[in-house]
Every structure is written in C-alpha cells, then in structure tokens.
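Enquirer: What follows is start_0.txt; its format and atoms are compact mmCIF, C-alpha atoms (C1' of nucleotides).
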# COMPACT_ATOMS: atom_id res chain seq x y z
CA MET A 1 0.00 0.00 0.00
CA SER A 2 1.06 3.59 -0.47
CA GLU A 3 1.90 5.29 2.80
CA SER A 4 -0.64 7.96 3.62
CA THR A 5 1.57 9.41 6.37
CA PRO A 6 5.15 8.55 5.48
CA GLU A 7 7.24 7.65 8.50
CA PRO A 8 9.45 10.65 9.34
CA ASP A 9 13.15 9.92 9.17
CA THR A 10 15.16 9.11 12.26
CA LYS A 11 16.56 12.57 12.81
CA THR A 12 13.09 14.10 12.70
CA ARG A 13 11.78 11.50 15.13
CA LEU A 14 14.64 12.28 17.48
CA ILE A 15 13.83 15.98 17.39
CA ALA A 16 10.15 15.32 17.95
CA ALA A 17 10.88 13.07 20.90
CA MET A 18 13.17 15.71 22.43
CA GLN A 19 10.53 18.40 21.91
CA HIS A 20 8.05 16.27 23.79
CA ALA A 21 10.57 15.61 26.55
CA LEU A 22 11.33 19.31 26.99
CA ARG A 23 7.64 20.18 27.11
CA THR A 24 6.83 17.55 29.74
CA THR A 25 9.64 16.36 31.99
CA GLY A 26 12.34 18.88 31.10
CA TYR A 27 15.92 18.65 29.95
CA HIS A 28 17.50 17.11 33.03
CA GLY A 29 14.32 15.28 33.88
CA THR A 30 14.49 13.09 30.79
CA GLY A 31 17.25 10.62 30.02
CA VAL A 32 18.55 10.10 26.50
CA THR A 33 17.57 6.44 26.72
CA GLU A 34 13.96 7.48 27.24
CA ILE A 35 14.08 9.81 24.26
CA LEU A 36 15.63 7.12 22.10
CA GLU A 37 12.94 4.66 23.12
CA GLN A 38 10.22 7.11 22.14
CA ALA A 39 11.91 7.77 18.82
CA GLY A 40 12.40 4.05 18.29
CA ALA A 41 16.11 4.51 17.72
CA PRO A 42 19.20 2.93 19.20
CA LYS A 43 21.85 4.93 20.92
CA GLY A 44 24.42 5.22 18.17
CA VAL A 45 21.97 7.09 15.96
CA LEU A 46 21.78 10.04 18.32
CA TYR A 47 25.53 10.54 18.27
CA HIS A 48 25.62 10.05 14.54
CA HIS A 49 23.15 12.85 13.83
CA PHE A 50 24.18 15.00 16.80
CA PRO A 51 27.86 14.44 17.60
CA GLN A 52 27.58 16.99 20.43
CA GLY A 53 24.99 14.76 22.05
CA LYS A 54 21.94 15.56 24.14
CA ALA A 55 22.47 19.31 24.32
CA ALA A 56 22.76 19.65 20.56
CA LEU A 57 19.60 17.63 20.02
CA ALA A 58 17.76 19.79 22.52
CA ALA A 59 19.01 22.96 20.81
CA ALA A 60 17.73 21.65 17.48
CA ALA A 61 14.37 20.81 19.04
CA ILE A 62 14.07 24.31 20.46
CA SER A 63 15.02 26.00 17.22
CA HIS A 64 12.43 23.92 15.37
CA THR A 65 9.68 24.81 17.83
CA ALA A 66 10.64 28.48 17.80
CA ALA A 67 10.64 28.62 14.01
CA ARG A 68 7.27 26.90 13.70
CA MET A 69 5.66 29.21 16.23
CA ASN A 70 7.22 32.22 14.55
CA LYS A 71 5.81 31.19 11.20
CA GLU A 72 2.34 30.89 12.70
CA MET A 73 2.57 34.37 14.17
CA LEU A 74 3.75 35.85 10.89
CA LEU A 75 0.65 34.41 9.27
CA ILE A 76 -1.53 35.81 12.03
CA PHE A 77 -0.19 39.31 11.53
CA GLN A 78 -0.91 39.08 7.83
CA SER A 79 -4.55 38.33 8.59
CA ALA A 80 -7.39 40.80 8.97
CA ALA A 81 -7.70 40.58 12.75
CA PRO A 82 -4.30 39.87 14.26
CA LEU A 83 -5.32 40.31 17.88
CA ARG A 84 -8.04 37.73 17.47
CA GLY A 85 -5.47 35.47 15.87
CA LEU A 86 -3.16 35.88 18.84
CA GLU A 87 -6.04 35.11 21.16
CA ALA A 88 -6.74 31.96 19.17
CA LEU A 89 -3.07 31.01 19.31
CA LEU A 90 -3.11 31.36 23.07
CA GLN A 91 -6.29 29.30 23.31
CA HIS A 92 -4.60 26.68 21.19
CA SER A 93 -1.59 26.54 23.51
CA ILE A 94 -3.81 26.25 26.54
CA GLN A 95 -5.90 23.59 24.85
CA SER A 96 -2.83 21.51 24.11
CA LEU A 97 -1.84 21.94 27.73
CA ILE A 98 -5.22 20.64 28.80
CA ASN A 99 -5.11 17.78 26.31
CA SER A 100 -1.79 16.69 27.75
CA ASP A 101 -3.31 16.65 31.24
CA PHE A 102 -1.32 19.79 32.13
CA LYS A 103 1.95 18.08 31.39
CA ALA A 104 3.12 19.77 28.20
CA GLY A 105 4.03 23.46 28.29
CA CYS A 106 6.43 25.64 26.31
CA PRO A 107 9.77 23.96 25.59
CA LEU A 108 11.60 27.29 25.54
CA ALA A 109 10.41 28.20 29.01
CA SER A 110 11.34 24.80 30.30
CA ALA A 111 14.83 24.94 28.84
CA THR A 112 15.36 28.45 30.19
CA LEU A 113 14.99 27.27 33.76
CA ASP A 114 16.12 23.69 33.48
CA ALA A 115 19.17 23.65 31.22
CA THR A 116 20.99 26.64 32.64
CA THR A 117 24.36 24.91 32.41
CA GLU A 118 24.15 24.32 28.65
CA PRO A 119 25.26 27.39 26.70
CA VAL A 120 24.18 25.91 23.36
CA LEU A 121 20.66 25.51 24.67
CA GLN A 122 20.50 28.91 26.30
CA LEU A 123 21.55 30.49 23.02
CA ALA A 124 18.85 28.64 21.09
CA VAL A 125 16.25 29.75 23.63
CA LYS A 126 17.41 33.35 23.53
CA GLN A 127 17.28 33.47 19.75
CA GLY A 128 13.84 31.87 19.78
CA PHE A 129 12.38 34.38 22.22
CA GLU A 130 13.99 37.25 20.33
CA SER A 131 12.48 36.12 17.04
CA TRP A 132 9.04 35.98 18.65
CA GLN A 133 9.44 39.38 20.22
CA ILE A 134 10.49 40.95 16.92
CA THR A 135 7.63 39.33 15.03
CA ILE A 136 5.05 40.62 17.48
CA ALA A 137 6.62 44.06 17.70
CA ASP A 138 6.72 44.41 13.91
CA GLY A 139 3.13 43.26 13.73
CA LEU A 140 1.95 45.80 16.29
CA THR A 141 3.93 48.53 14.55
CA ALA A 142 2.20 47.69 11.28
CA MET A 143 -1.09 48.07 13.14
CA GLY A 144 -0.34 51.68 13.95
CA LEU A 145 1.67 51.78 17.16
CA THR A 146 4.99 53.57 17.48
CA SER A 147 7.85 51.12 17.26
CA ALA A 148 8.93 51.83 20.85
CA ARG A 149 5.46 51.20 22.20
CA ALA A 150 5.05 48.14 19.99
CA SER A 151 8.31 46.70 21.25
CA LEU A 152 7.25 47.23 24.86
CA LEU A 153 3.84 45.68 24.39
CA ALA A 154 5.35 42.76 22.48
CA SER A 155 7.56 41.98 25.46
CA LEU A 156 4.59 42.36 27.75
CA LEU A 157 2.55 39.98 25.64
CA LEU A 158 5.32 37.44 25.54
CA ALA A 159 5.95 37.62 29.27
CA THR A 160 2.28 37.23 30.04
CA TYR A 161 1.95 34.34 27.60
CA GLU A 162 4.82 32.43 29.16
CA GLY A 163 3.79 33.28 32.70
CA ALA A 164 0.18 32.32 32.03
CA LEU A 165 1.20 28.94 30.63
CA LEU A 166 3.39 28.39 33.66
CA LEU A 167 0.65 29.30 36.13
CA ALA A 168 -1.91 27.22 34.25
CA ARG A 169 0.41 24.29 34.60
CA ALA A 170 0.95 24.85 38.29
CA HIS A 171 -2.74 25.37 39.01
CA GLN A 172 -3.97 22.69 36.63
CA GLU A 173 -6.88 25.01 36.01
CA PRO A 174 -6.92 26.92 32.74
CA GLU A 175 -9.97 29.19 32.88
CA LEU A 176 -8.52 31.99 34.95
CA ILE A 177 -5.49 32.05 32.69
CA GLU A 178 -7.53 32.35 29.51
CA HIS A 179 -9.35 35.34 30.94
CA THR A 180 -6.06 36.76 32.11
CA ALA A 181 -4.48 36.82 28.68
CA SER A 182 -7.65 38.14 27.13
CA ALA A 183 -7.61 40.99 29.61
CA LEU A 184 -4.14 41.94 28.48
CA LEU A 185 -5.19 41.87 24.84
CA ASP A 186 -8.05 44.20 25.77
CA PHE A 187 -5.55 46.66 27.20
CA ILE A 188 -3.56 46.55 23.98
CA ARG A 189 -6.64 46.76 21.79
CA ALA A 190 -7.55 50.01 23.50
CA GLU A 191 -4.33 51.58 22.28
CA LEU A 192 -4.77 50.70 18.63
CA PRO A 193 -6.25 53.00 16.00
CA ALA A 194 -9.91 52.18 15.65
CA GLN A 195 -9.65 50.59 12.20
CA ALA A 196 -6.97 48.14 13.35
CA ARG A 197 -8.85 46.68 16.30
CA MET B 1 32.59 35.92 71.93
CA SER B 2 28.88 36.39 71.39
CA GLU B 3 27.79 35.41 67.89
CA SER B 4 26.52 38.42 66.00
CA THR B 5 24.99 36.21 63.30
CA PRO B 6 24.33 32.86 64.96
CA GLU B 7 24.97 29.96 62.65
CA PRO B 8 21.58 28.66 61.44
CA ASP B 9 20.89 25.08 62.38
CA THR B 10 21.47 22.26 59.95
CA LYS B 11 17.88 21.94 58.78
CA THR B 12 17.74 25.65 57.97
CA ARG B 13 21.02 25.46 56.08
CA LEU B 14 19.68 22.53 54.08
CA ILE B 15 16.57 24.47 53.13
CA ALA B 16 18.61 27.51 52.16
CA ALA B 17 20.92 25.41 50.00
CA MET B 18 17.94 23.79 48.27
CA GLN B 19 16.34 27.19 47.67
CA HIS B 20 19.51 28.33 45.98
CA ALA B 21 19.68 25.15 43.92
CA LEU B 22 16.10 25.52 42.72
CA ARG B 23 16.67 29.14 41.80
CA THR B 24 19.80 28.41 39.80
CA THR B 25 20.25 24.93 38.38
CA GLY B 26 16.81 23.48 39.07
CA TYR B 27 15.53 20.38 40.82
CA HIS B 28 16.89 17.71 38.51
CA GLY B 29 19.87 19.83 37.62
CA THR B 30 21.28 19.73 41.14
CA GLY B 31 22.41 16.61 42.92
CA VAL B 32 21.82 16.08 46.64
CA THR B 33 25.57 15.79 47.14
CA GLU B 34 26.02 19.30 45.82
CA ILE B 35 23.32 20.64 48.11
CA LEU B 36 24.84 18.89 51.10
CA GLU B 37 28.26 20.34 50.28
CA GLN B 38 26.83 23.83 50.16
CA ALA B 39 25.04 23.29 53.47
CA GLY B 40 28.18 21.78 54.98
CA ALA B 41 26.31 18.66 56.04
CA PRO B 42 26.88 14.97 55.52
CA LYS B 43 24.40 12.78 53.79
CA GLY B 44 22.71 11.19 56.77
CA VAL B 45 21.52 14.56 58.02
CA LEU B 46 19.28 15.10 55.02
CA TYR B 47 17.46 11.81 55.54
CA HIS B 48 17.22 12.45 59.26
CA HIS B 49 15.43 15.78 58.85
CA PHE B 50 13.61 14.81 55.65
CA PRO B 51 12.94 11.06 55.62
CA GLN B 52 11.19 11.46 52.25
CA GLY B 53 14.44 12.74 50.80
CA LYS B 54 15.18 15.28 48.11
CA ALA B 55 11.58 15.95 47.12
CA ALA B 56 10.50 16.69 50.69
CA LEU B 57 13.41 19.08 51.18
CA ALA B 58 12.52 20.85 47.94
CA ALA B 59 8.89 21.13 49.01
CA ALA B 60 9.97 22.69 52.30
CA ALA B 61 12.25 25.11 50.46
CA ILE B 62 9.40 26.17 48.20
CA SER B 63 6.95 26.63 51.05
CA HIS B 64 9.48 28.78 52.89
CA THR B 65 10.11 30.98 49.86
CA ALA B 66 6.40 31.29 49.16
CA ALA B 67 5.62 32.26 52.74
CA ARG B 68 8.37 34.86 52.90
CA MET B 69 7.27 36.48 49.64
CA ASN B 70 3.66 36.41 50.78
CA LYS B 71 4.54 38.19 54.00
CA GLU B 72 6.34 40.91 52.06
CA MET B 73 3.33 41.46 49.84
CA LEU B 74 0.98 41.65 52.80
CA LEU B 75 3.16 44.44 54.19
CA ILE B 76 3.14 46.21 50.84
CA PHE B 77 -0.64 46.22 50.69
CA GLN B 78 -0.80 47.70 54.17
CA SER B 79 1.36 50.60 53.01
CA ALA B 80 0.20 53.91 51.55
CA ALA B 81 1.16 53.20 47.93
CA PRO B 82 0.81 49.48 47.26
CA LEU B 83 1.41 49.69 43.51
CA ARG B 84 4.69 51.45 44.07
CA GLY B 85 5.54 48.77 46.59
CA LEU B 86 4.83 46.06 44.03
CA GLU B 87 6.99 47.88 41.53
CA ALA B 88 9.79 48.00 44.07
CA LEU B 89 9.34 44.30 44.80
CA LEU B 90 9.66 43.53 41.11
CA GLN B 91 12.74 45.72 40.86
CA HIS B 92 14.17 43.86 43.80
CA SER B 93 13.60 40.50 42.13
CA ILE B 94 15.18 41.69 38.92
CA GLN B 95 18.09 43.18 40.84
CA SER B 96 18.75 39.87 42.57
CA LEU B 97 18.61 38.22 39.17
CA ILE B 98 21.23 40.65 37.89
CA ASN B 99 23.38 40.25 40.98
CA SER B 100 23.40 36.51 40.44
CA ASP B 101 24.58 37.04 36.87
CA PHE B 102 21.14 36.01 35.58
CA LYS B 103 21.37 32.64 37.25
CA ALA B 104 18.86 32.89 40.10
CA GLY B 105 15.17 33.20 39.27
CA CYS B 106 11.96 32.18 41.02
CA PRO B 107 12.17 28.76 42.68
CA LEU B 108 8.45 28.16 42.21
CA ALA B 109 8.63 28.70 38.47
CA SER B 110 11.63 26.45 38.22
CA ALA B 111 9.98 23.66 40.18
CA THR B 112 6.80 23.97 38.11
CA LEU B 113 8.62 23.08 34.93
CA ASP B 114 11.44 20.94 36.26
CA ALA B 115 9.98 18.69 38.93
CA THR B 116 6.81 17.62 37.16
CA THR B 117 7.13 14.04 38.36
CA GLU B 118 7.12 14.94 42.06
CA PRO B 119 3.56 15.40 43.37
CA VAL B 120 4.74 16.74 46.73
CA LEU B 121 6.62 19.50 44.99
CA GLN B 122 3.83 20.35 42.57
CA LEU B 123 1.46 20.68 45.51
CA ALA B 124 3.82 23.02 47.35
CA VAL B 125 4.17 25.15 44.22
CA LYS B 126 0.43 25.26 43.64
CA GLN B 127 -0.26 26.35 47.21
CA GLY B 128 2.47 28.98 46.97
CA PHE B 129 1.11 30.53 43.79
CA GLU B 130 -2.42 30.43 45.17
CA SER B 131 -1.40 32.25 48.33
CA TRP B 132 0.25 34.97 46.25
CA GLN B 133 -2.73 35.32 43.98
CA ILE B 134 -5.11 35.66 46.93
CA THR B 135 -2.91 38.21 48.66
CA ILE B 136 -2.73 40.40 45.56
CA ALA B 137 -6.43 40.00 44.79
CA ASP B 138 -7.43 40.94 48.34
CA GLY B 139 -5.10 43.91 48.18
CA LEU B 140 -6.55 45.18 44.92
CA THR B 141 -10.07 44.66 46.26
CA ALA B 142 -9.22 46.78 49.28
CA MET B 143 -8.05 49.46 46.86
CA GLY B 144 -11.50 49.72 45.34
CA LEU B 145 -11.77 47.14 42.58
CA THR B 146 -14.56 44.59 42.41
CA SER B 147 -13.41 41.24 43.68
CA ALA B 148 -13.85 39.62 40.29
CA ARG B 149 -11.77 42.26 38.54
CA ALA B 150 -9.20 42.19 41.34
CA SER B 151 -8.85 38.44 41.04
CA LEU B 152 -8.35 38.69 37.29
CA LEU B 153 -5.76 41.44 37.52
CA ALA B 154 -3.97 39.59 40.32
CA SER B 155 -3.55 36.59 38.05
CA LEU B 156 -2.42 38.87 35.25
CA LEU B 157 0.15 40.49 37.51
CA LEU B 158 1.44 37.16 38.69
CA ALA B 159 1.67 35.74 35.18
CA THR B 160 3.50 38.80 33.93
CA TYR B 161 5.85 38.76 36.91
CA GLU B 162 6.82 35.14 36.36
CA GLY B 163 7.01 35.51 32.60
CA ALA B 164 9.10 38.66 32.87
CA LEU B 165 11.58 36.99 35.20
CA LEU B 166 11.80 34.08 32.81
CA LEU B 167 12.39 36.26 29.77
CA ALA B 168 14.90 38.41 31.63
CA ARG B 169 16.80 35.27 32.41
CA ALA B 170 16.71 34.05 28.83
CA HIS B 171 17.70 37.43 27.40
CA GLN B 172 20.19 38.26 30.13
CA GLU B 173 19.03 41.82 29.65
CA PRO B 174 16.74 43.27 32.30
CA GLU B 175 15.81 46.75 31.14
CA LEU B 176 13.09 45.83 28.71
CA ILE B 177 11.54 43.61 31.35
CA GLU B 178 11.47 46.35 33.99
CA HIS B 179 9.64 48.62 31.57
CA THR B 180 7.33 45.78 30.67
CA ALA B 181 6.13 45.18 34.19
CA SER B 182 5.80 48.91 34.81
CA ALA B 183 3.59 49.16 31.75
CA LEU B 184 1.26 46.55 33.19
CA LEU B 185 1.10 48.38 36.51
CA ASP B 186 0.17 51.52 34.58
CA PHE B 187 -2.76 49.66 33.03
CA ILE B 188 -3.91 48.59 36.47
CA ARG B 189 -3.34 52.03 37.98
CA ALA B 190 -5.70 53.48 35.42
CA GLU B 191 -8.53 51.33 36.76
CA LEU B 192 -8.18 52.33 40.37
CA PRO B 193 -10.19 55.05 42.05
CA ALA B 194 -8.15 58.27 41.99
CA GLN B 195 -7.40 58.35 45.69
CA ALA B 196 -5.95 54.82 45.66
CA ARG B 197 -3.42 55.34 42.88
C1' DT C 1 28.38 7.93 86.16
C1' DG C 2 25.18 5.85 83.19
C1' DC C 3 21.72 6.40 80.08
C1' DC C 4 19.09 7.85 76.09
C1' DA C 5 16.97 10.52 72.29
C1' DG C 6 18.39 13.59 68.83
C1' DT C 7 21.71 14.60 65.69
C1' DT C 8 25.91 14.24 62.99
C1' DA C 9 28.91 11.51 60.17
C1' DG C 10 30.32 9.19 55.96
C1' DA C 11 31.10 4.57 53.84
C1' DC C 12 28.44 2.06 50.88
C1' DC C 13 24.81 0.33 47.33
C1' DG C 14 22.30 -0.68 43.12
C1' DA C 15 20.29 2.00 39.44
C1' DC C 16 20.80 4.98 35.98
C1' DC C 17 23.27 8.66 33.57
C1' DA C 18 25.44 10.53 29.09
C1' DG C 19 28.59 9.12 26.03
C1' DT C 20 31.97 5.72 23.39
C1' DC C 21 33.09 1.89 20.70
C1' DT C 22 32.90 -1.65 17.26
C1' DG C 23 30.41 -3.48 13.94
C1' DT C 24 26.66 -4.08 10.26
C1' DA C 25 23.33 -2.73 6.75
C1' DT C 26 22.13 0.27 3.00
C1' DA C 27 22.71 3.23 -1.04
C1' DA C 28 25.17 5.84 -4.33
C1' DT C 29 29.29 6.11 -7.49
C1' DC C 30 32.46 4.23 -10.46
C1' DG D 1 31.16 -6.12 -8.70
C1' DA D 2 34.15 -3.02 -5.90
C1' DT D 3 34.44 1.07 -3.21
C1' DT D 4 32.95 4.54 -0.29
C1' DA D 5 29.94 7.44 2.52
C1' DT D 6 25.91 7.46 5.22
C1' DA D 7 22.93 5.54 8.49
C1' DC D 8 21.53 2.06 11.87
C1' DA D 9 22.47 -0.91 15.82
C1' DG D 10 23.47 -2.06 20.59
C1' DA D 11 26.90 -3.80 24.02
C1' DC D 12 29.71 -1.49 27.07
C1' DT D 13 32.09 2.10 30.32
C1' DG D 14 33.18 5.33 33.95
C1' DG D 15 30.90 8.28 36.64
C1' DT D 16 27.07 10.13 39.27
C1' DC D 17 22.53 9.63 40.96
C1' DG D 18 19.31 9.33 45.21
C1' DG D 19 19.02 6.62 49.07
C1' DT D 20 20.42 3.20 53.01
C1' DC D 21 23.01 1.71 56.83
C1' DT D 22 25.72 1.55 60.94
C1' DA D 23 28.42 4.00 64.06
C1' DA D 24 29.80 8.00 66.74
C1' DC D 25 28.96 12.12 69.07
C1' DT D 26 26.16 15.42 71.90
C1' DG D 27 23.60 17.49 75.69
C1' DG D 28 20.03 16.79 79.22
C1' DC D 29 18.64 14.20 83.04
C1' DA D 30 18.85 10.99 86.75
Take the structure in the file and give it back as structure tokens.
Expert:
Amino acid sequence: MSESTPEPDTKTRLIAAMQHALRTTGYHGTGVTEILEQAGAPKGVLYHHFPQGKAALAAAAISHTAARMNKEMLLIFQSAAPLRGLEALLQHSIQSLINSDFKAGCPLASATLDATTEPVLQLAVKQGFESWQITIADGLTAMGLTSARASLLASLLLATYEGALLLARAHQEPELIEHTASALLDFIRAELPAQAR
Amino acid sequence: MSESTPEPDTKTRLIAAMQHALRTTGYHGTGVTEILEQAGAPKGVLYHHFPQGKAALAAAAISHTAARMNKEMLLIFQSAAPLRGLEALLQHSIQSLINSDFKAGCPLASATLDATTEPVLQLAVKQGFESWQITIADGLTAMGLTSARASLLASLLLATYEGALLLARAHQEPELIEHTASALLDFIRAELPAQAR
DNA sequence: TGCCAGTTAGACCGACCAGTCTGTATAATC
DNA sequence: GATTATACAGACTGGTCGGTCTAACTGGCA
C-alpha cells in the first residue's frame, strides 16, 4: 500500500521526541535512553546525527519549535484581525496543555529554567524568544503603534503568555489564565487605531 | 565571643541550600551531594530531617520561599502606595537576578517546569502561587476594585511577573523587562479610584 | 556515672546517567 | 562487482545519581 503518512526519518523523530521531553519532563528530567525509546532509535543514531549529544539535540528541538511558532505568528499578523489570531493562538496553547493533562508546556520556558548549564541551549532559547518578540513588535507597529510602544507591548505579551502557561500548569486550572491573557489583549486593543482593532 | 549572626541550624542550612539550587540549576539539575556540600552537612543529616528525601526538602524550600514572599506582599498592601511597593518588589527580584549574573530566578517557576514528576513539589508550588494570587487580589479589592476584577488582575500580575523573570533570564538583559512590568502596573493604575493610585 | 533521644557523620549500594566503541546494513558512485 | 559514505544498531564504560546503613557524638537528666 502507499503510505498515507510517510514515516518521518530518524533525525526528525529524534527531534520530535526531544521536543516532547522538553515540554513535559524537562531537559534534566528526561534521560537520552527514554528519548531514544520514544523515537524508536538505538543509541548510536543520536551521536551520529548530533555528535555533540543531548544538548545539541535539545538545541535543534528548540530552534524547530521556535521557528514553527514564529511562522504561525507571521501568518496571524498578515490576517485581517491579528489580535483575534493571537487570542486563538493562546487558546490553542492552553488547549494543548489541557489535552496533555497539564503536562506539556512551552519547551523554551522549560529549557530556560532547566538547562541553565548548557550554553548551546541557552543560546537557542534566547534566539527563539527574540524572534518571537520581533515578530510581534513588527506586527503591532504595522497596526499603527509607534515602534517603541510596539516593542514594549510585544515583550509584555510574551511575558504574560509564558507566565500564564506556567501558572496554568501549576494550578492545573486553565480558565482563569484564559481570561487573564484576554484581559491583556483588551488593554492593547484600546491603544490601537480604531480601524486596526 | 557572642555570635553576631548565629549559625543557622542544619535543617535551615539545608533548606537555604535547596532554595539556591532551585533558583539556579533546578531540581533535577542539582544533585543532593552538591546541596549537602553547600550546606556543609553529611548525607545522613538530610534523611534524618527529611525522611522522604530530596523531594521533601525541595517542598519545604518552596513553602518557605512562598511564605516569605507572601509576607512581604501583605506588608506592601498595608502601606500607603501598594502599587509602588509592588513595583519595588519587582525591581528587587530583577536586581537579585542581575546580581546573580542572571542565574537565580523564582524557585516556584523552576519547580513547576522541572519537577513535574514529584507530586509533593507540585502541591507546594500550587499552594504557593495560590497564596500569592489571593494576597494580591485581596489587596486590589481593598483598593477599590470589584473582587472579580481584582482576582483577574492579580492573576495577570502574577503571570507577567513570572514571565518577565523568565524572559529576563533568557535574554540576560533586564531593562526591557522592567519597563514591561511597569507598563502593566500603569494599566492597572488606570482602573483604580483616583485616591488609591 | 550511666543512660538515652536527637543529631551528625560518611562509607556504601544498586540503578541509571550521558557518552563511546565496534560493527553491520544500505545506497550511491564508479 | 568493488568502493565509499551514510545511516543504523546495541553492548559497554566510567561516573554520578538518590538513598540506606551503621556507628559516633552530643547534651540533658537521673
């Protein structure tokens, strides 16, 4: 039979398994053996594709996640109602948190706090957050805010997003968090020129 | 001679060492041996004071931190200008982050993402965050907001605080974050009755 | 002085960690 | 068919992990 969903290659499966690990049990909380089991790969494969080992795989996983998220946001800001798009994106993140039984959050946040001794990882996280911040700031600028104000509100949005996901995870109770983020978007909406809201 | 700063007892030193570990390298990122070295205690002591081991010590460390922070906030809301007090508290947190060379963040946030497999710890974190949220919400209510709105803004403040600390750590650059949190406080200030601002 | 609970002390243990090593299968090039 | 580069495979290693165990020390009390 023809494969409807072709099996992703080993490297991709490794990255996916590491993404899942970072989102759930964290960098130090997950052993490479566990990741290899989930990817269905033996040990040698990891060090073939990532000679620098666990840290390099984790950095790749983070860069992938960051890039995917960034692409989604770029699309959102090209749409007619970007703020609604952002709200939907947040809802989506929270929904995936709920679906995972409050186990899977943001891999960048996790790596920030968990893999502090791995410079390669910290760099990947930093670049990821920066790309998000720039995308949001550019988007808000295009909607009519000054670039300084847009940059500030982009950081505020990002901080609230990450903090809200973190609190939702700790509380295992998403509703308050959804309202929280919406409240922030309301604040921002009030600053926009009427036609951009 | 009389001791000007009496040496804290072993249990206290253990808790302090674990607090530091959680703030810097995280739960799984720090071995018990390392913590014991920092506390200047041999291994048996840990399992004497905390028969449940590492997780129980971490839970105690989190509860201590949460209680101390909560007490500070209660004082702030008894003062004349609570919002300024909160701003100062945030500045203080960021300053301690800077002083630690961006290595020491919030132990509750760290434990939320890092120690997901330890129910005792997750409970301690949840209770800590809840106590903070209630303290802030009660404070804002006393300043003239409806309790529903106060509760929402308290969650928003908390989320932004945690997210801002996280981003500051990732970026290793605090200024934008300080402005960020101030911007949120401005939003909240605008909702308060004039005499409470 | 003898006793005893509370505490300190660190040698020790099996499990697991990330990473290395040697070897095999596959696929492209000549 | 021979050669070579790429990818897969897993046994193995030294070190570290959290935790256990037994022994020694300490101060209060009789």
Enquirer: Give the answer as one residue: which of C:DG23, C:DT1, C:DG10, C:DC17 has the shortest atom-to-atom distance to chain B, using only C-alpha atoms (C1' of nucleotides)?
Expert: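 Smallest distance to chain B is found for C:DG10.
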Enquirer: What's the 12 Å shell around DA5 of chain D, counting only C-alpha atoms (C1' of nucleotides), without same-chain residues fewer than 5 positions away, as a CSV table (one decimal) with C-alpha atoms (C1' of nucleotides), keeping the file's coordinate frame?
Expert:
chain,number,residue,atom,x,y,z
C,26,DT,C1',22.1,0.3,3.0
C,27,DA,C1',22.7,3.2,-1.0
C,28,DA,C1',25.2,5.8,-4.3
C,29,DT,C1',29.3,6.1,-7.5
Enquirer: Calculate how many Å separate atom CA of Thr30 of chain B from atom CA of Gln122 of chain A, rounding to one decimal.
Expert: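 Taking atom CA of Thr30 of chain B and atom CA of Gln122 of chain A, their separation equals 17.5 Å.
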Enquirer: Tell me, in Å to one decimal, how far atom CA of Gln38 of chain A is from atom CA of Val120 of chain B.
Expert: 27.0 Å
Enquirer: For DA9 of chain D, which residue among A:Ile76, A:Ala88, A:Ile62, A:Val45 is the nearest when counting all atoms listed in the file?
Expert: A:Val45
Enquirer: As a PyMOL selection string, please: the residues near segment 10-12 of chain D (cut-off 12 Å, only C-alpha atoms (C1' of nucleotides), same-chain neighbours under 3 positions excluded).
Expert: (chain A and resi 41-45) or (chain C and resi 19-24)
Enquirer: Taking a cut-off of 8 Å and counting all atoms listed in the file, can you build a table that, for each residue of chain B near chain D, reports the nearest atom pair and how far apart they are in Å (one decimal), sorted by chain then residue number, as a tab-separated table?
Expert:
residue	atom	partner	partner_atom	distance
B:Gly31	CA	D:DC17	C1'	7.3
B:Val32	CA	D:DG18	C1'	7.3
B:Gly53	CA	D:DG19	C1'	7.8
B:Lys54	CA	D:DG18	C1'	7.8
Enquirer: I need the chosen residues saved as a compact mmCIF listing (two decimals), keeping the file's coordinate frame, with C-alpha atoms.
Expert:
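Full text of selection35.txt as output:
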# COMPACT_ATOMS: atom_id res chain seq x y z
CA GLY B 31 22.41 16.61 42.92
CA VAL B 32 21.82 16.08 46.64
CA GLY B 53 14.44 12.74 50.80
CA LYS B 54 15.18 15.28 48.11
Enquirer: Have a look at atom CA of Leu156 of chain A and atom CA of Leu166 of chain B and let me know their distance in Å, one decimal.
Expert: 12.1 Å
Enquirer: Give me, as a count of residues only, the residues of chain B touching chain A, with the criterion being at most 8 Å (counting only C-alpha atoms).
Expert: 43
Enquirer: Nearest to Lys71 of chain A: which of A:Glu178, A:Thr146, A:Arg197, A:Ser131 is it, counting all atoms listed in the file?
Expert: A:Ser131
Enquirer: Taking only C-alpha atoms into account, which of B:Tyr47, B:Pro8, B:Leu89, B:Leu140 comes nearest Asn70 of chain B?
Expert: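 Going through B:Tyr47, B:Pro8, B:Leu89, B:Leu140 one by one, the smallest distance to Asn70 of chain B is for B:Leu89.
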Enquirer: A:Ala17, A:Leu46, A:Ala148, A:Ile136: which is nearest chain C, counting only C-alpha atoms (C1' of nucleotides)?
Expert: A:Leu46
Enquirer: Using 12 Å as the limit and counting all atoms listed in the file, can you tabulate each residue of chain C that touches chain B, with its shortest atom-to-atom distance in Å and the two atoms involved, as CSV?
Expert:
residue,atom,partner,partner_atom,distance
C:DG6,C1',B:His48,CA,9.7
C:DT7,C1',B:Val45,CA,7.7
C:DT8,C1',B:Val45,CA,6.6
C:DA9,C1',B:Pro42,CA,6.1
C:DG10,C1',B:Pro42,CA,6.7
C:DA11,C1',B:Lys43,CA,10.6
C:DC12,C1',B:Lys43,CA,11.8
Enquirer: Next, the residues of the selection above should be written as a PDB file, in the coordinates of the input with C-alpha atoms (C1' of nucleotides).
Expert:
ATOM      1  C1'  DG C   6      18.390  13.590  68.830  1.00  0.00           C
ATOM      2  C1'  DT C   7      21.710  14.600  65.690  1.00  0.00           C
ATOM      3  C1'  DT C   8      25.910  14.240  62.990  1.00  0.00           C
ATOM      4  C1'  DA C   9      28.910  11.510  60.170  1.00  0.00           C
ATOM      5  C1'  DG C  10      30.320   9.190  55.960  1.00  0.00           C
ATOM      6  C1'  DA C  11      31.100   4.570  53.840  1.00  0.00           C
ATOM      7  C1'  DC C  12      28.440   2.060  50.880  1.00  0.00           C
TER       8       DC C  12
END
